[in-house]
Every structure is written in C-alpha cells, then in structure tokens.
Amino acid sequence: MARDMFRLMVVTELFGGVWGTILTVFMAGLFPSMTAIFTRVYFYPIAIALVGILLSIPLIAIYWHLWGRIDPRTHSLIGVPLAISVLLVPVGFRYLFAGLDYPQYVTGDLNPLTVFSNPVYPPLIAHTLIGAMDIGAFVTASVLATRRNLDIRSVRIALGTGLVLLVPQAIAGAYYFTVLERYDPYIASNIAGPLLGYDPSTAMFYPAFYAAIALTIALGAAALYAFYAVMQGRVARPVVISTGLLAEAVLVLMEYVNDGSRYPYLFISGGSGIPITQLLNTLIPLPLIAMYTMLLSTFIFTQSSR
C-alpha cells in the first residue's frame, strides 16, 4: 500500500512541478515588474525553494530505486531528507505570498535577510503545512476505504491523524486571521465580510470563506463518526471517503479566499495597494476567452495533481 501511494504521489508531484514551471514562465512574462521585485527582495526564500526542488528529485529516484533492496529501517531513514526537501518548496515560496500581503521592498535598499522577519509569514506557513498534512491524512483514509481488502488499522491511523491535526489547524487559522487584521485590514475585511462587522470592497470571497468553515465543521463531524466506527471494528466506507472529498473542497475554497482576497490589488499596503493593472505587461494582449481557458485548465490540473 505504501508503495502504491508513493507511486501516486511521485506522479502527481512531477506533473505538478511541470505545470508549476509553465505557470512560472507565464507569470514572469505577464508580470515582469513583480518578477523583478521577487527576485531582488525575495532571493533567499526563492533559493530555499529551488534547493528543495533540486534535492527532492534525486532523492525521490533513490528512494524508489532502493525500495525492497536495502534494510527497511535504512530505507525509511532515506525518506527523512526526502520529506524535508519536499517541504522546503512551500517553506520558500510561501514567503512570496507573505510579501504580497505585507511588502517590505518599499523600504528602499532592503537587506535581503530582512524578508525573513515578515510578520505575516509564521502563521501563513504554519497554516499551510499543518493543513497540507491534515488534508493528506483524510485523503489517505479515503483511498484506503476504497480498497477491496480493508486494512482497518491503517484507516484508524489516518483518521486519527486527521482529527488530531484539525485542532492545531484551527488555531493556526485563527492566528493567521489575527495577524491579517493587524497588518492587512483590506484582506481581513474581504475574508470576514459584514457578518463580523467588516465593510468588504467586494462580495466575491467571504461567502466562500464561510462555506469553507461550514465544510470544515462537517468534516470534523464525519471524521469523528468514522473514527468511532473504526474503533468499534467496522469501516463506514461512504463516510470515510467523504472526509477526503470534504478536505479537498475546503482546500480549494480556502486557497481561493487566501489568494483572491487582495483583488484588485497585487501588493497590499494597509487598506489599499498596487493595482494589478500597474504591473501588467501590456505588450501581451490576452483576450478574455484565453484568460478563462488558462484559469480553468490551471484549476483542473493543479487540483488533480494534489
């Protein structure tokens, strides 16, 4: 089972990497000013992510090639640097999102190491990594529940891990929102909406945020019931499978809210920011149908790679 899951992860990881490269080239051409800012101010975070990519590719090949050929304990130890190298990618690239929310480049001749003090980054990366592991646990439980020969113990471990991580994930999310309230009131207003007393500039995002909260509650309830059933010696297949589907739905909604809530700005500064149009390369004319096609294909391929 572990080998089958690893094969699936390798295929989706490599596919996602190729698609990520395509998106990077596209974004660099469409927003050259943003690319210049990122490579100037966020050189070290980008370097961290690139080191993770360069290390993870050979480690994936080594880990797969040595499966069953060396002692299992030694093989598992090789998986530790592999896991670390893969995590370095979001650890580095999430700095760019923190930089969009709280840009430090406006201070002039900025020391490149100063970017590591961005106050938005700690809650963002905590929320990201805990959420990724939490969603991965529920998806693993869902995949296990679809197999003909059920391994109840594995399902119990996956569901238990997902349930345990829901608590720190909620804490990290609340911490992230508190930081956004202080440093990015524009984003916080668009996320929270009028239900929490804010005056958002658009109604495009807070309905998705509350829908994600509702789905998270449903996920917790389904996971609790499924875990209770497993502890009784039975697997409620539909319920276990639903936990993975709910987790993926929460992921899509929360990423949409987190990434889109700065609209129509790209870099945010307090209650306003730099409009996207000021950083757009006007030498590349894009009809609306082309933009819609790219957005739809990006959504389909990136979510399938997850």
# chains A, B, ... in the order shown; residues from 1 in each chain; ligands from 1
>>> residues_around(residues="segment 68-80 of chain A", least_positions_apart="6", cutoff="9 Å", atoms="only C-alpha atoms", output="list in words")
Leu59, Ile60 and Ile62 of chain A
>>> write_last_selection(atoms="N, CA and C atoms", output="PDB file, in the first residue's frame")
ATOM      1  N   LEU A  59      16.390  12.492  -4.682  1.00  0.00           N
ATOM      2  CA  LEU A  59      16.009  11.702  -3.511  1.00  0.00           C
ATOM      3  C   LEU A  59      14.778  10.841  -3.799  1.00  0.00           C
ATOM      4  N   ILE A  60      13.861  11.353  -4.595  1.00  0.00           N
ATOM      5  CA  ILE A  60      12.699  10.550  -4.998  1.00  0.00           C
ATOM      6  C   ILE A  60      13.154   9.328  -5.784  1.00  0.00           C
ATOM      7  N   ILE A  62      16.157   7.906  -5.755  1.00  0.00           N
ATOM      8  CA  ILE A  62      16.907   6.996  -4.878  1.00  0.00           C
ATOM      9  C   ILE A  62      15.957   6.209  -3.991  1.00  0.00           C
TER      10      ILE A  62
END
>>> atom_distance(atom1="atom CA of Ala229 of chain A", atom2="atom CA of Leu251 of chain A")
25.5 Å
>>> closest_residue(among="A:Thr146, A:Asn258, A:Thr128, A:Gln169", to="Ala192 of chain A", atoms="only C-alpha atoms")
A:Asn258
>>> residues_around(residues="Tyr256 of chain A", least_positions_apart="6", cutoff="12 Å", atoms="only C-alpha atoms", output="PDB file with all heavy atoms, in the first residue's frame")
ATOM      1  N   ILE A 191     -12.195  38.881   3.648  1.00  0.00           N
ATOM      2  CA  ILE A 191     -12.387  37.498   4.096  1.00  0.00           C
ATOM      3  C   ILE A 191     -13.558  37.391   5.064  1.00  0.00           C
ATOM      4  O   ILE A 191     -14.415  36.517   4.937  1.00  0.00           O
ATOM      5  CB  ILE A 191     -11.103  36.972   4.754  1.00  0.00           C
ATOM      6  CG1 ILE A 191     -10.001  36.797   3.711  1.00  0.00           C
ATOM      7  CG2 ILE A 191     -11.365  35.643   5.465  1.00  0.00           C
ATOM      8  CD1 ILE A 191      -8.671  36.361   4.293  1.00  0.00           C
ATOM      9  N   MET A 204     -16.996  38.811  -3.310  1.00  0.00           N
ATOM     10  CA  MET A 204     -16.540  37.637  -4.058  1.00  0.00           C
ATOM     11  C   MET A 204     -15.918  36.561  -3.163  1.00  0.00           C
ATOM     12  O   MET A 204     -15.786  35.414  -3.588  1.00  0.00           O
ATOM     13  CB  MET A 204     -15.503  38.065  -5.107  1.00  0.00           C
ATOM     14  CG  MET A 204     -16.058  38.921  -6.225  1.00  0.00           C
ATOM     15  SD  MET A 204     -14.736  39.549  -7.301  1.00  0.00           S
ATOM     16  CE  MET A 204     -13.988  38.028  -7.864  1.00  0.00           C
ATOM     17  N   PHE A 205     -15.542  36.908  -1.910  1.00  0.00           N
ATOM     18  CA  PHE A 205     -14.704  35.990  -1.160  1.00  0.00           C
ATOM     19  C   PHE A 205     -15.275  35.533   0.189  1.00  0.00           C
ATOM     20  O   PHE A 205     -15.110  34.374   0.558  1.00  0.00           O
ATOM     21  CB  PHE A 205     -13.320  36.612  -0.949  1.00  0.00           C
ATOM     22  CG  PHE A 205     -12.685  37.047  -2.236  1.00  0.00           C
ATOM     23  CD1 PHE A 205     -12.612  38.381  -2.583  1.00  0.00           C
ATOM     24  CD2 PHE A 205     -12.185  36.108  -3.127  1.00  0.00           C
ATOM     25  CE1 PHE A 205     -12.050  38.780  -3.780  1.00  0.00           C
ATOM     26  CE2 PHE A 205     -11.631  36.490  -4.334  1.00  0.00           C
ATOM     27  CZ  PHE A 205     -11.560  37.828  -4.662  1.00  0.00           C
ATOM     28  N   TYR A 206     -15.916  36.423   0.939  1.00  0.00           N
ATOM     29  CA  TYR A 206     -16.356  35.987   2.263  1.00  0.00           C
ATOM     30  C   TYR A 206     -17.430  34.895   2.217  1.00  0.00           C
ATOM     31  O   TYR A 206     -17.472  34.059   3.131  1.00  0.00           O
ATOM     32  CB  TYR A 206     -16.799  37.183   3.119  1.00  0.00           C
ATOM     33  CG  TYR A 206     -18.017  37.929   2.646  1.00  0.00           C
ATOM     34  CD1 TYR A 206     -19.302  37.479   2.926  1.00  0.00           C
ATOM     35  CD2 TYR A 206     -17.890  39.127   1.948  1.00  0.00           C
ATOM     36  CE1 TYR A 206     -20.410  38.178   2.512  1.00  0.00           C
ATOM     37  CE2 TYR A 206     -18.989  39.838   1.528  1.00  0.00           C
ATOM     38  CZ  TYR A 206     -20.257  39.366   1.814  1.00  0.00           C
ATOM     39  OH  TYR A 206     -21.355  40.063   1.396  1.00  0.00           O
ATOM     40  N   PRO A 207     -18.312  34.811   1.170  1.00  0.00           N
ATOM     41  CA  PRO A 207     -19.205  33.649   1.135  1.00  0.00           C
ATOM     42  C   PRO A 207     -18.436  32.330   1.014  1.00  0.00           C
ATOM     43  O   PRO A 207     -18.813  31.322   1.635  1.00  0.00           O
ATOM     44  CB  PRO A 207     -20.071  33.910  -0.108  1.00  0.00           C
ATOM     45  CG  PRO A 207     -20.031  35.384  -0.301  1.00  0.00           C
ATOM     46  CD  PRO A 207     -18.648  35.778   0.107  1.00  0.00           C
ATOM     47  N   ALA A 208     -17.358  32.331   0.233  1.00  0.00           N
ATOM     48  CA  ALA A 208     -16.537  31.124   0.102  1.00  0.00           C
ATOM     49  C   ALA A 208     -15.846  30.793   1.419  1.00  0.00           C
ATOM     50  O   ALA A 208     -15.685  29.617   1.773  1.00  0.00           O
ATOM     51  CB  ALA A 208     -15.500  31.311  -1.010  1.00  0.00           C
ATOM     52  N   PHE A 209     -15.446  31.826   2.162  1.00  0.00           N
ATOM     53  CA  PHE A 209     -14.796  31.605   3.454  1.00  0.00           C
ATOM     54  C   PHE A 209     -15.749  30.920   4.431  1.00  0.00           C
ATOM     55  O   PHE A 209     -15.391  29.944   5.097  1.00  0.00           O
ATOM     56  CB  PHE A 209     -14.316  32.940   4.017  1.00  0.00           C
ATOM     57  CG  PHE A 209     -13.759  32.850   5.404  1.00  0.00           C
ATOM     58  CD1 PHE A 209     -12.539  32.229   5.638  1.00  0.00           C
ATOM     59  CD2 PHE A 209     -14.457  33.386   6.479  1.00  0.00           C
ATOM     60  CE1 PHE A 209     -12.025  32.142   6.927  1.00  0.00           C
ATOM     61  CE2 PHE A 209     -13.946  33.310   7.756  1.00  0.00           C
ATOM     62  CZ  PHE A 209     -12.732  32.681   7.988  1.00  0.00           C
ATOM     63  N   ALA A 211     -18.419  29.243   3.658  1.00  0.00           N
ATOM     64  CA  ALA A 211     -18.716  27.905   3.144  1.00  0.00           C
ATOM     65  C   ALA A 211     -17.616  26.930   3.546  1.00  0.00           C
ATOM     66  O   ALA A 211     -17.896  25.773   3.915  1.00  0.00           O
ATOM     67  CB  ALA A 211     -18.863  27.947   1.624  1.00  0.00           C
ATOM     68  N   ALA A 212     -16.367  27.381   3.498  1.00  0.00           N
ATOM     69  CA  ALA A 212     -15.242  26.534   3.911  1.00  0.00           C
ATOM     70  C   ALA A 212     -15.319  26.209   5.396  1.00  0.00           C
ATOM     71  O   ALA A 212     -15.015  25.074   5.819  1.00  0.00           O
ATOM     72  CB  ALA A 212     -13.918  27.221   3.585  1.00  0.00           C
ATOM     73  N   ALA A 249     -12.363  19.920  -0.773  1.00  0.00           N
ATOM     74  CA  ALA A 249     -13.241  21.063  -1.025  1.00  0.00           C
ATOM     75  C   ALA A 249     -12.840  22.256  -0.162  1.00  0.00           C
ATOM     76  O   ALA A 249     -12.829  23.405  -0.634  1.00  0.00           O
ATOM     77  CB  ALA A 249     -14.702  20.676  -0.750  1.00  0.00           C
ATOM     78  N   VAL A 250     -12.503  21.995   1.100  1.00  0.00           N
ATOM     79  CA  VAL A 250     -12.039  23.069   1.987  1.00  0.00           C
ATOM     80  C   VAL A 250     -10.752  23.678   1.443  1.00  0.00           C
ATOM     81  O   VAL A 250     -10.561  24.900   1.461  1.00  0.00           O
ATOM     82  CB  VAL A 250     -11.831  22.531   3.420  1.00  0.00           C
ATOM     83  CG1 VAL A 250     -11.156  23.590   4.288  1.00  0.00           C
ATOM     84  CG2 VAL A 250     -13.155  22.120   4.036  1.00  0.00           C
ATOM     85  N   ARG A 262      -7.046  39.752  -2.132  1.00  0.00           N
ATOM     86  CA  ARG A 262      -6.331  41.019  -2.327  1.00  0.00           C
ATOM     87  C   ARG A 262      -6.812  41.749  -3.586  1.00  0.00           C
ATOM     88  O   ARG A 262      -6.364  42.857  -3.869  1.00  0.00           O
ATOM     89  CB  ARG A 262      -4.823  40.780  -2.411  1.00  0.00           C
ATOM     90  CG  ARG A 262      -4.391  39.950  -3.590  1.00  0.00           C
ATOM     91  CD  ARG A 262      -2.882  39.798  -3.628  1.00  0.00           C
ATOM     92  NE  ARG A 262      -2.356  39.212  -2.411  1.00  0.00           N
ATOM     93  CZ  ARG A 262      -2.243  37.899  -2.211  1.00  0.00           C
ATOM     94  NH1 ARG A 262      -2.620  37.065  -3.158  1.00  0.00           N
ATOM     95  NH2 ARG A 262      -1.765  37.422  -1.093  1.00  0.00           N
ATOM     96  N   TYR A 263      -7.687  41.140  -4.381  1.00  0.00           N
ATOM     97  CA  TYR A 263      -8.203  41.732  -5.617  1.00  0.00           C
ATOM     98  C   TYR A 263      -8.819  43.103  -5.341  1.00  0.00           C
ATOM     99  O   TYR A 263      -9.515  43.279  -4.344  1.00  0.00           O
ATOM    100  CB  TYR A 263      -9.257  40.797  -6.223  1.00  0.00           C
ATOM    101  CG  TYR A 263      -9.917  41.336  -7.471  1.00  0.00           C
ATOM    102  CD1 TYR A 263      -9.318  41.172  -8.714  1.00  0.00           C
ATOM    103  CD2 TYR A 263     -11.129  42.016  -7.398  1.00  0.00           C
ATOM    104  CE1 TYR A 263      -9.919  41.671  -9.853  1.00  0.00           C
ATOM    105  CE2 TYR A 263     -11.725  42.520  -8.531  1.00  0.00           C
ATOM    106  CZ  TYR A 263     -11.119  42.342  -9.748  1.00  0.00           C
ATOM    107  OH  TYR A 263     -11.704  42.848 -10.878  1.00  0.00           O
ATOM    108  N   PHE A 299      -6.864  25.364 -12.770  1.00  0.00           N
ATOM    109  CA  PHE A 299      -7.620  24.800 -11.659  1.00  0.00           C
ATOM    110  C   PHE A 299      -7.717  23.281 -11.768  1.00  0.00           C
ATOM    111  O   PHE A 299      -7.473  22.560 -10.801  1.00  0.00           O
ATOM    112  CB  PHE A 299      -9.022  25.411 -11.626  1.00  0.00           C
ATOM    113  CG  PHE A 299      -9.921  24.805 -10.589  1.00  0.00           C
ATOM    114  CD1 PHE A 299      -9.806  25.184  -9.261  1.00  0.00           C
ATOM    115  CD2 PHE A 299     -10.864  23.848 -10.930  1.00  0.00           C
ATOM    116  CE1 PHE A 299     -10.625  24.633  -8.295  1.00  0.00           C
ATOM    117  CE2 PHE A 299     -11.683  23.285  -9.982  1.00  0.00           C
ATOM    118  CZ  PHE A 299     -11.573  23.674  -8.655  1.00  0.00           C
TER     119      PHE A 299
END
>>> residues_around(residues="segment 218-220 of chain A", least_positions_apart="2", cutoff="9 Å", atoms="only C-alpha atoms", output="tab-separated table (two decimals) with N, CA and C atoms, in the first residue's frame")
chain	number	residue	atom	x	y	z
A	163	LEU	N	-7.91	13.90	12.56
A	163	LEU	CA	-8.68	14.50	13.65
A	163	LEU	C	-7.78	15.30	14.60
A	166	LEU	N	-6.75	18.64	13.17
A	166	LEU	CA	-7.79	19.65	13.00
A	166	LEU	C	-7.69	20.75	14.05
A	213	ILE	N	-15.72	27.19	6.22
A	213	ILE	CA	-15.87	26.94	7.66
A	213	ILE	C	-16.95	25.89	7.89
A	214	ALA	N	-18.07	26.01	7.17
A	214	ALA	CA	-19.16	25.04	7.33
A	214	ALA	C	-18.71	23.65	6.90
A	215	LEU	N	-17.96	23.56	5.81
A	215	LEU	CA	-17.47	22.26	5.35
A	215	LEU	C	-16.44	21.68	6.33
A	216	THR	N	-15.68	22.54	6.98
A	216	THR	CA	-14.72	22.07	7.98
A	216	THR	C	-15.44	21.45	9.17
A	222	ALA	N	-17.96	14.21	10.38
A	222	ALA	CA	-17.84	12.96	9.62
A	222	ALA	C	-16.63	12.16	10.08
A	223	ALA	N	-15.51	12.86	10.33
A	223	ALA	CA	-14.30	12.16	10.77
A	223	ALA	C	-14.49	11.54	12.15
A	224	LEU	N	-15.18	12.26	13.04
A	224	LEU	CA	-15.44	11.71	14.38
A	224	LEU	C	-16.29	10.45	14.30
A	225	TYR	N	-17.35	10.51	13.49
A	225	TYR	CA	-18.21	9.33	13.34
A	225	TYR	C	-17.44	8.17	12.72
A	242	SER	N	-15.98	10.38	2.28
A	242	SER	CA	-16.44	11.77	2.29
A	242	SER	C	-15.46	12.69	3.00
A	243	THR	N	-14.68	12.17	3.96
A	243	THR	CA	-13.72	13.03	4.65
A	243	THR	C	-12.65	13.56	3.69
A	244	GLY	N	-12.20	12.70	2.78
A	244	GLY	CA	-11.22	13.15	1.79
A	244	GLY	C	-11.81	14.17	0.84
A	246	LEU	N	-14.39	16.19	1.42
A	246	LEU	CA	-14.63	17.43	2.15
A	246	LEU	C	-13.32	18.20	2.37
A	247	ALA	N	-12.26	17.46	2.70
A	247	ALA	CA	-10.97	18.11	2.93
A	247	ALA	C	-10.47	18.80	1.66
>>> select_by_dssp(residues="segment 83-288 of chain A", states="alpha helix (DSSP H)", output="PyMOL selection string")
chain A and resi 83-101+121-145+152-183+185-192+206-231+237-260+276-279+288
>>> closest_residue(among="A:Ile268, A:Ala141, A:Ile187, A:Leu129", to="Met5 of chain A", atoms="only C-alpha atoms")
A:Ala141
>>> select_by_dssp(residues="segment 102-291 of chain A", states="strand (DSSP E or B)", output="tab-separated table (two decimals) with N, CA, C and O atoms, in the first residue's frame")
chain	number	residue	atom	x	y	z
A	265	TYR	N	-5.90	44.38	-6.15
A	265	TYR	CA	-4.50	44.73	-5.94
A	265	TYR	C	-3.63	43.48	-6.00
A	265	TYR	O	-4.11	42.37	-5.81
A	266	LEU	N	-2.34	43.70	-6.22
A	266	LEU	CA	-1.38	42.61	-6.19
A	266	LEU	C	-0.58	42.69	-4.90
A	266	LEU	O	-0.61	41.78	-4.08
A	267	PHE	N	0.11	43.81	-4.69
A	267	PHE	CA	0.78	44.07	-3.41
A	267	PHE	C	-0.16	44.91	-2.55
A	267	PHE	O	-0.72	45.90	-3.02
A	268	ILE	N	-0.31	44.51	-1.29
A	268	ILE	CA	-1.22	45.20	-0.38
A	268	ILE	C	-0.43	46.06	0.59
A	268	ILE	O	0.61	45.64	1.10
A	269	SER	N	-0.96	47.25	0.87
A	269	SER	CA	-0.37	48.13	1.87
A	269	SER	C	-1.50	48.76	2.67
A	269	SER	O	-2.15	49.71	2.21
A	272	SER	N	-5.19	49.57	1.06
A	272	SER	CA	-5.18	49.63	-0.40
A	272	SER	C	-3.94	48.88	-0.90
A	272	SER	O	-3.42	48.02	-0.22
A	273	GLY	N	-3.47	49.25	-2.09
A	273	GLY	CA	-2.30	48.55	-2.61
A	273	GLY	C	-1.98	48.98	-4.03
A	273	GLY	O	-2.48	50.00	-4.53
A	274	ILE	N	-1.14	48.18	-4.68
A	274	ILE	CA	-0.77	48.42	-6.07
A	274	ILE	C	-1.70	47.61	-6.97
A	274	ILE	O	-1.71	46.39	-6.90
A	275	PRO	N	-2.51	48.27	-7.81
A	275	PRO	CA	-3.42	47.53	-8.68
A	275	PRO	C	-2.66	46.59	-9.62
A	275	PRO	O	-1.53	46.88	-10.05
>>> decode(residues="segment 166-177 of chain A", atoms="all heavy atoms", output="PDB file, in the first residue's frame")
ATOM      1  N   LEU A 166      -6.749  18.639  13.174  1.00  0.00           N
ATOM      2  CA  LEU A 166      -7.791  19.646  12.997  1.00  0.00           C
ATOM      3  C   LEU A 166      -7.692  20.747  14.052  1.00  0.00           C
ATOM      4  O   LEU A 166      -7.970  21.919  13.767  1.00  0.00           O
ATOM      5  CB  LEU A 166      -9.179  18.994  13.054  1.00  0.00           C
ATOM      6  CG  LEU A 166      -9.721  18.399  11.755  1.00  0.00           C
ATOM      7  CD1 LEU A 166     -11.080  17.760  11.993  1.00  0.00           C
ATOM      8  CD2 LEU A 166      -9.824  19.464  10.662  1.00  0.00           C
ATOM      9  N   VAL A 167      -7.304  20.380  15.255  1.00  0.00           N
ATOM     10  CA  VAL A 167      -7.225  21.363  16.347  1.00  0.00           C
ATOM     11  C   VAL A 167      -6.109  22.387  16.108  1.00  0.00           C
ATOM     12  O   VAL A 167      -6.362  23.597  16.085  1.00  0.00           O
ATOM     13  CB  VAL A 167      -7.046  20.659  17.698  1.00  0.00           C
ATOM     14  CG1 VAL A 167      -6.879  21.685  18.821  1.00  0.00           C
ATOM     15  CG2 VAL A 167      -8.240  19.757  17.993  1.00  0.00           C
ATOM     16  N   PRO A 168      -4.839  21.950  15.912  1.00  0.00           N
ATOM     17  CA  PRO A 168      -3.805  22.953  15.620  1.00  0.00           C
ATOM     18  C   PRO A 168      -4.045  23.699  14.309  1.00  0.00           C
ATOM     19  O   PRO A 168      -3.631  24.856  14.169  1.00  0.00           O
ATOM     20  CB  PRO A 168      -2.510  22.125  15.565  1.00  0.00           C
ATOM     21  CG  PRO A 168      -2.942  20.724  15.320  1.00  0.00           C
ATOM     22  CD  PRO A 168      -4.267  20.598  15.989  1.00  0.00           C
ATOM     23  N   GLN A 169      -4.724  23.053  13.366  1.00  0.00           N
ATOM     24  CA  GLN A 169      -5.035  23.735  12.118  1.00  0.00           C
ATOM     25  C   GLN A 169      -6.002  24.887  12.367  1.00  0.00           C
ATOM     26  O   GLN A 169      -5.830  25.988  11.811  1.00  0.00           O
ATOM     27  CB  GLN A 169      -5.649  22.741  11.115  1.00  0.00           C
ATOM     28  CG  GLN A 169      -6.221  23.358   9.859  1.00  0.00           C
ATOM     29  CD  GLN A 169      -5.156  23.975   8.954  1.00  0.00           C
ATOM     30  OE1 GLN A 169      -4.010  24.173   9.336  1.00  0.00           O
ATOM     31  NE2 GLN A 169      -5.552  24.302   7.741  1.00  0.00           N
ATOM     32  N   ALA A 170      -7.008  24.673  13.218  1.00  0.00           N
ATOM     33  CA  ALA A 170      -7.938  25.746  13.559  1.00  0.00           C
ATOM     34  C   ALA A 170      -7.233  26.874  14.309  1.00  0.00           C
ATOM     35  O   ALA A 170      -7.486  28.058  14.072  1.00  0.00           O
ATOM     36  CB  ALA A 170      -9.085  25.184  14.393  1.00  0.00           C
ATOM     37  N   ILE A 171      -6.319  26.502  15.212  1.00  0.00           N
ATOM     38  CA  ILE A 171      -5.566  27.510  15.965  1.00  0.00           C
ATOM     39  C   ILE A 171      -4.681  28.328  15.020  1.00  0.00           C
ATOM     40  O   ILE A 171      -4.611  29.561  15.117  1.00  0.00           O
ATOM     41  CB  ILE A 171      -4.714  26.831  17.056  1.00  0.00           C
ATOM     42  CG1 ILE A 171      -5.632  26.159  18.088  1.00  0.00           C
ATOM     43  CG2 ILE A 171      -3.794  27.845  17.730  1.00  0.00           C
ATOM     44  CD1 ILE A 171      -4.887  25.338  19.124  1.00  0.00           C
ATOM     45  N   ALA A 172      -3.996  27.637  14.104  1.00  0.00           N
ATOM     46  CA  ALA A 172      -3.130  28.335  13.147  1.00  0.00           C
ATOM     47  C   ALA A 172      -3.958  29.258  12.254  1.00  0.00           C
ATOM     48  O   ALA A 172      -3.520  30.372  11.917  1.00  0.00           O
ATOM     49  CB  ALA A 172      -2.366  27.319  12.300  1.00  0.00           C
ATOM     50  N   GLY A 173      -5.159  28.810  11.855  1.00  0.00           N
ATOM     51  CA  GLY A 173      -6.022  29.647  11.030  1.00  0.00           C
ATOM     52  C   GLY A 173      -6.468  30.903  11.761  1.00  0.00           C
ATOM     53  O   GLY A 173      -6.476  32.002  11.186  1.00  0.00           O
ATOM     54  N   ALA A 174      -6.839  30.745  13.040  1.00  0.00           N
ATOM     55  CA  ALA A 174      -7.244  31.911  13.837  1.00  0.00           C
ATOM     56  C   ALA A 174      -6.075  32.871  14.035  1.00  0.00           C
ATOM     57  O   ALA A 174      -6.231  34.101  13.957  1.00  0.00           O
ATOM     58  CB  ALA A 174      -7.786  31.448  15.186  1.00  0.00           C
ATOM     59  N   TYR A 175      -4.891  32.319  14.268  1.00  0.00           N
ATOM     60  CA  TYR A 175      -3.682  33.130  14.422  1.00  0.00           C
ATOM     61  C   TYR A 175      -3.384  33.900  13.134  1.00  0.00           C
ATOM     62  O   TYR A 175      -3.069  35.098  13.164  1.00  0.00           O
ATOM     63  CB  TYR A 175      -2.524  32.205  14.790  1.00  0.00           C
ATOM     64  CG  TYR A 175      -1.161  32.860  14.854  1.00  0.00           C
ATOM     65  CD1 TYR A 175      -1.004  34.177  15.289  1.00  0.00           C
ATOM     66  CD2 TYR A 175      -0.029  32.145  14.482  1.00  0.00           C
ATOM     67  CE1 TYR A 175       0.261  34.767  15.342  1.00  0.00           C
ATOM     68  CE2 TYR A 175       1.233  32.726  14.537  1.00  0.00           C
ATOM     69  CZ  TYR A 175       1.373  34.033  14.966  1.00  0.00           C
ATOM     70  OH  TYR A 175       2.613  34.600  15.007  1.00  0.00           O
ATOM     71  N   TYR A 176      -3.526  33.227  12.002  1.00  0.00           N
ATOM     72  CA  TYR A 176      -3.284  33.860  10.697  1.00  0.00           C
ATOM     73  C   TYR A 176      -4.248  35.022  10.472  1.00  0.00           C
ATOM     74  O   TYR A 176      -3.844  36.105  10.035  1.00  0.00           O
ATOM     75  CB  TYR A 176      -3.426  32.803   9.603  1.00  0.00           C
ATOM     76  CG  TYR A 176      -3.179  33.302   8.203  1.00  0.00           C
ATOM     77  CD1 TYR A 176      -2.175  34.216   7.921  1.00  0.00           C
ATOM     78  CD2 TYR A 176      -3.954  32.841   7.131  1.00  0.00           C
ATOM     79  CE1 TYR A 176      -1.941  34.667   6.630  1.00  0.00           C
ATOM     80  CE2 TYR A 176      -3.729  33.285   5.836  1.00  0.00           C
ATOM     81  CZ  TYR A 176      -2.731  34.199   5.595  1.00  0.00           C
ATOM     82  OH  TYR A 176      -2.499  34.644   4.318  1.00  0.00           O
ATOM     83  N   PHE A 177      -5.531  34.808  10.795  1.00  0.00           N
ATOM     84  CA  PHE A 177      -6.512  35.869  10.592  1.00  0.00           C
ATOM     85  C   PHE A 177      -6.236  37.053  11.512  1.00  0.00           C
ATOM     86  O   PHE A 177      -6.386  38.218  11.115  1.00  0.00           O
ATOM     87  CB  PHE A 177      -7.930  35.347  10.827  1.00  0.00           C
ATOM     88  CG  PHE A 177      -8.998  36.379  10.589  1.00  0.00           C
ATOM     89  CD1 PHE A 177      -9.379  36.703   9.300  1.00  0.00           C
ATOM     90  CD2 PHE A 177      -9.596  37.044  11.651  1.00  0.00           C
ATOM     91  CE1 PHE A 177     -10.348  37.679   9.068  1.00  0.00           C
ATOM     92  CE2 PHE A 177     -10.563  38.007  11.427  1.00  0.00           C
ATOM     93  CZ  PHE A 177     -10.940  38.323  10.140  1.00  0.00           C
TER      94      PHE A 177
END
